[in-house]
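K.L.:
My structure is below; once you've seen it, I'll send some questions.
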Amino acid sequence: MKKQKTENKVQICIDRDFTISKVDKRIYGSFIEHLGRAVYEGIYQPGNKFADKDGYRKDVIKLIKEIGVPIVRYPGGNFVSAFNWEDSVGPKKNRPRRIELAWGVVETNEFGLDEFMNWCKKVKTEPMYAINLGTRGLEDAKNVVEYCNIKSGTLYSDMRIKNGVKDPYNIKLWCLGNEMDGSWQMGHMTAEEYGRKAGRAGHIMKLVDPTIECVACGSSGLGMETFGNWERTVLENSYDVTDYLSLHTYYGNQKDDTPNFLASSVAMDKFISQVVSICDYVKAIKRSDKTINLSFDEWNVWYHSNEQDKKLEKWVEHPHQLEDIYNFEDALLVGSMLITLLRHADRVKIACLAQLVNVIAPIMTSDTGAWKQTIFYPYMQASVYGRGEVLNTVVKVPTYESEHGDAPFVDSVVVADDENETLTIFAVNKSLEDDFDLTCDLRQYAGYKVVEHSVLTHKDLKAVNTEKNPDNVKPVDNTKATKITKGILTSKLPARSWNVIRLAK
Ligand code: AHR
């Protein structure tokens, strides 16, 4: 970690009239795929002692409510690209067992669209439903919107009623396939092929229900060879029906190089800026007044489980797959990624932490309980306290060189909620050795007081939470480190820490 300046100080300059954008609460979304134990044993486990009468895990619902997850993307992911939505509705005894090719397992279809929608109601979240544009096409895209959003009196709306659901689901947000640029994706396509297919699918879906919004697939990562041209071509072919373009990214510390790992948020920041530029380029050449916003609908740390997953037996039901056990440094990066999303709140309107339960997830379950992984905390605290307006701050902070470019030692963002008279500072100190002194001039916020300074830190970067030791890594109170004197806030951000400083009038 090569420091360019020696002072361990960060100054955040704010002006309450300089704002980036209101936070769209959907940036705190998540994702449930038919993959591993996300659905079965994750959110749904009939017969388990925590299950309610419909088989949903109540302990998991409680933790999801603690986060306040506003939207959940479903049913995939790679899974969706060979999925028949009709398999997953109607009497369970008629639902087929299918070979599931994305993850090499058997899908029983015991849990499907109707069960998911019922679960969303219990969790108080909104669905973001993905359609299969891999092995299927326009006809099925049309039919599933009809099943979900038409009141009655047509083939598929009446099928829903016959299945016991009188009122339409009115699903507002639809993903036009998943990662269609990836060679691993069933039915993957060139940008032109996909752009045309997505454009036609979106068109027919919006004929069924003109009030829906559609997310077209962007690149499945910045590292894709087709990145850039993919986004441009897809938008050129689907602009009229596309409301959001997707981005996906996962980071890992395979080289055990924590400074570079923690600097990955710099790469995420560049990725977002580049996709914004491409959206605006296509807007310009189309002479359009419509702005395409971004849906960062898969993001997280993902690498711990890669080796063990290579040894998995094929064609079994819901095995332990992608069960990353997150450590403390992963939570720091997740915090920085949340800060990055917030700093782009003017264009990132949707984001989904991938995923929610058991599969690369903040929540884990066993037959005997559910517990919080380290990454639960930054995700939950950002979702609960990061609502309002993002301020356009100027931050004076030293940087270090990384493989992603210069990285600030302290990542930060400030969210103001004028209606409720609160102000929240989120900050990650990436220095592994040094505490940083924070100052922020708050004279425009006369009368605001420190409510809480919560800190997530640990002496061991690799510390994890387990079912037996679920509180090994969890936030502690650091309020005494933070003061406001004559309108100037001063605080100490401990080395290697995620901080939430909450102020209110
Ligand atoms: O989230 C796990 C997988 O990662 C998803 O199925 C896929 O879309 C991505 O490659």
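Order determines the names: the first chain of the structure tokens is A, the second B, and so forth; residues in each chain are numbered 1 upward, and ligands are numbered 1 upward as they are shown.
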Need to verify the contact set: region 66-78 of chain A, 7 Å, only C-alpha atoms, exclusion of same-chain residues closer than 6 positions in sequence. Can you return it as a list in words?
P.N.:
Lys25, Arg26, Tyr28, Gly29, Ser30, Phe31, Ile32, Glu33, His34, Ala102, Thr125, Glu126, Pro127, Met128, Tyr129, Ala130, Asn178, Gln185, Met380, Ser383 and Val384 of chain A
K.L.:
For N, CA, C and O atoms, I'd like the residues from the last selection saved as a CSV table (one decimal), in the first residue's frame.
P.N.:
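Okay, again_21.csv is ready:
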chain,number,residue,atom,x,y,z
A,25,LYS,N,-35.0,3.8,-3.6
A,25,LYS,CA,-34.8,2.7,-2.6
A,25,LYS,C,-34.5,1.4,-3.3
A,25,LYS,O,-33.9,0.5,-2.6
A,26,ARG,N,-34.8,1.2,-4.6
A,26,ARG,CA,-34.6,0.0,-5.2
A,26,ARG,C,-33.1,-0.4,-5.4
A,26,ARG,O,-32.8,-1.5,-5.7
A,28,TYR,N,-31.3,-0.9,-3.0
A,28,TYR,CA,-31.1,-1.9,-1.9
A,28,TYR,C,-31.7,-3.2,-2.2
A,28,TYR,O,-32.1,-4.0,-1.3
A,29,GLY,N,-32.0,-3.5,-3.5
A,29,GLY,CA,-32.6,-4.8,-3.9
A,29,GLY,C,-31.7,-6.0,-3.7
A,29,GLY,O,-30.5,-5.8,-3.4
A,30,SER,N,-32.2,-7.2,-3.9
A,30,SER,CA,-31.4,-8.4,-3.8
A,30,SER,C,-32.0,-9.4,-4.8
A,30,SER,O,-32.7,-9.0,-5.7
A,31,PHE,N,-31.6,-10.6,-4.7
A,31,PHE,CA,-31.7,-11.6,-5.8
A,31,PHE,C,-31.9,-13.0,-5.2
A,31,PHE,O,-31.2,-13.4,-4.3
A,32,ILE,N,-32.9,-13.7,-5.7
A,32,ILE,CA,-33.1,-15.1,-5.3
A,32,ILE,C,-33.2,-15.9,-6.6
A,32,ILE,O,-34.1,-15.7,-7.4
A,33,GLU,N,-32.3,-16.8,-6.8
A,33,GLU,CA,-32.2,-17.6,-8.0
A,33,GLU,C,-32.5,-19.1,-7.6
A,33,GLU,O,-32.2,-19.5,-6.5
A,34,HIS,N,-33.1,-19.8,-8.5
A,34,HIS,CA,-33.2,-21.3,-8.3
A,34,HIS,C,-31.8,-21.8,-8.5
A,34,HIS,O,-31.4,-22.2,-9.6
A,102,ALA,N,-28.2,-25.1,-16.1
A,102,ALA,CA,-27.3,-24.0,-15.8
A,102,ALA,C,-26.3,-24.4,-14.6
A,102,ALA,O,-25.2,-24.1,-14.6
A,125,THR,N,-41.9,-7.0,0.0
A,125,THR,CA,-40.9,-6.6,-1.1
A,125,THR,C,-41.6,-6.7,-2.4
A,125,THR,O,-42.7,-7.2,-2.5
A,126,GLU,N,-41.0,-6.1,-3.4
A,126,GLU,CA,-41.6,-6.1,-4.8
A,126,GLU,C,-40.8,-7.0,-5.7
A,126,GLU,O,-39.6,-7.1,-5.5
A,127,PRO,N,-41.5,-7.7,-6.6
A,127,PRO,CA,-40.7,-8.6,-7.5
A,127,PRO,C,-40.1,-7.9,-8.7
A,127,PRO,O,-40.5,-6.9,-9.1
A,128,MET,N,-39.0,-8.5,-9.1
A,128,MET,CA,-38.3,-8.1,-10.4
A,128,MET,C,-38.2,-9.4,-11.1
A,128,MET,O,-37.3,-10.2,-10.8
A,129,TYR,N,-39.0,-9.6,-12.1
A,129,TYR,CA,-39.2,-10.9,-12.7
A,129,TYR,C,-38.4,-11.0,-14.0
A,129,TYR,O,-38.6,-10.2,-14.9
A,130,ALA,N,-37.6,-12.1,-14.1
A,130,ALA,CA,-36.8,-12.3,-15.3
A,130,ALA,C,-37.4,-13.3,-16.2
A,130,ALA,O,-37.9,-14.3,-15.8
A,178,ASN,N,-31.0,-12.9,-19.2
A,178,ASN,CA,-29.9,-12.8,-18.2
A,178,ASN,C,-28.6,-13.0,-18.9
A,178,ASN,O,-28.4,-14.0,-19.6
A,185,GLN,N,-24.0,-18.8,-21.2
A,185,GLN,CA,-25.5,-18.6,-21.1
A,185,GLN,C,-26.2,-19.5,-22.1
A,185,GLN,O,-25.9,-19.4,-23.3
A,380,MET,N,-27.4,-4.0,5.4
A,380,MET,CA,-28.6,-3.6,6.2
A,380,MET,C,-28.5,-2.1,6.6
A,380,MET,O,-29.5,-1.4,6.5
A,383,SER,N,-29.2,0.2,3.7
A,383,SER,CA,-30.6,0.1,3.3
A,383,SER,C,-31.5,0.9,4.3
A,383,SER,O,-32.4,1.6,3.9
A,384,VAL,N,-31.2,0.7,5.6
A,384,VAL,CA,-32.1,1.4,6.6
A,384,VAL,C,-31.8,2.9,6.7
A,384,VAL,O,-32.7,3.7,6.8
K.L.:
Quick one: residues within 7 Å of region 242-254 of chain A, only C-alpha atoms counted, chain neighbours fewer than 3 positions away excluded, as a ChimeraX atom specification?
P.N.:
/A:213-221,238-239,257-258,261,264,292-303
K.L.:
Measuring atom to atom with only C-alpha atoms, identify which of A:Arg200, A:Arg496, A:Lys283, A:Lys166 is nearest to Glu329 (chain A).
P.N.:
A:Arg496
K.L.:
Run DSSP on the backbone and give me the residues of region 159-234 of chain A it puts in strand (DSSP E or B), as a PyMOL selection string.
P.N.:
chain A and resi 173-176+213-216
K.L.:
Pick from A:Thr374, A:Asn306, A:Asn170, A:Ser88: nearest to ligand 1, with only C-alpha atoms and all ligand atoms counted?
P.N.:
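Looking only at the distances to ligand 1, the closest residue turns out to be A:Asn306.
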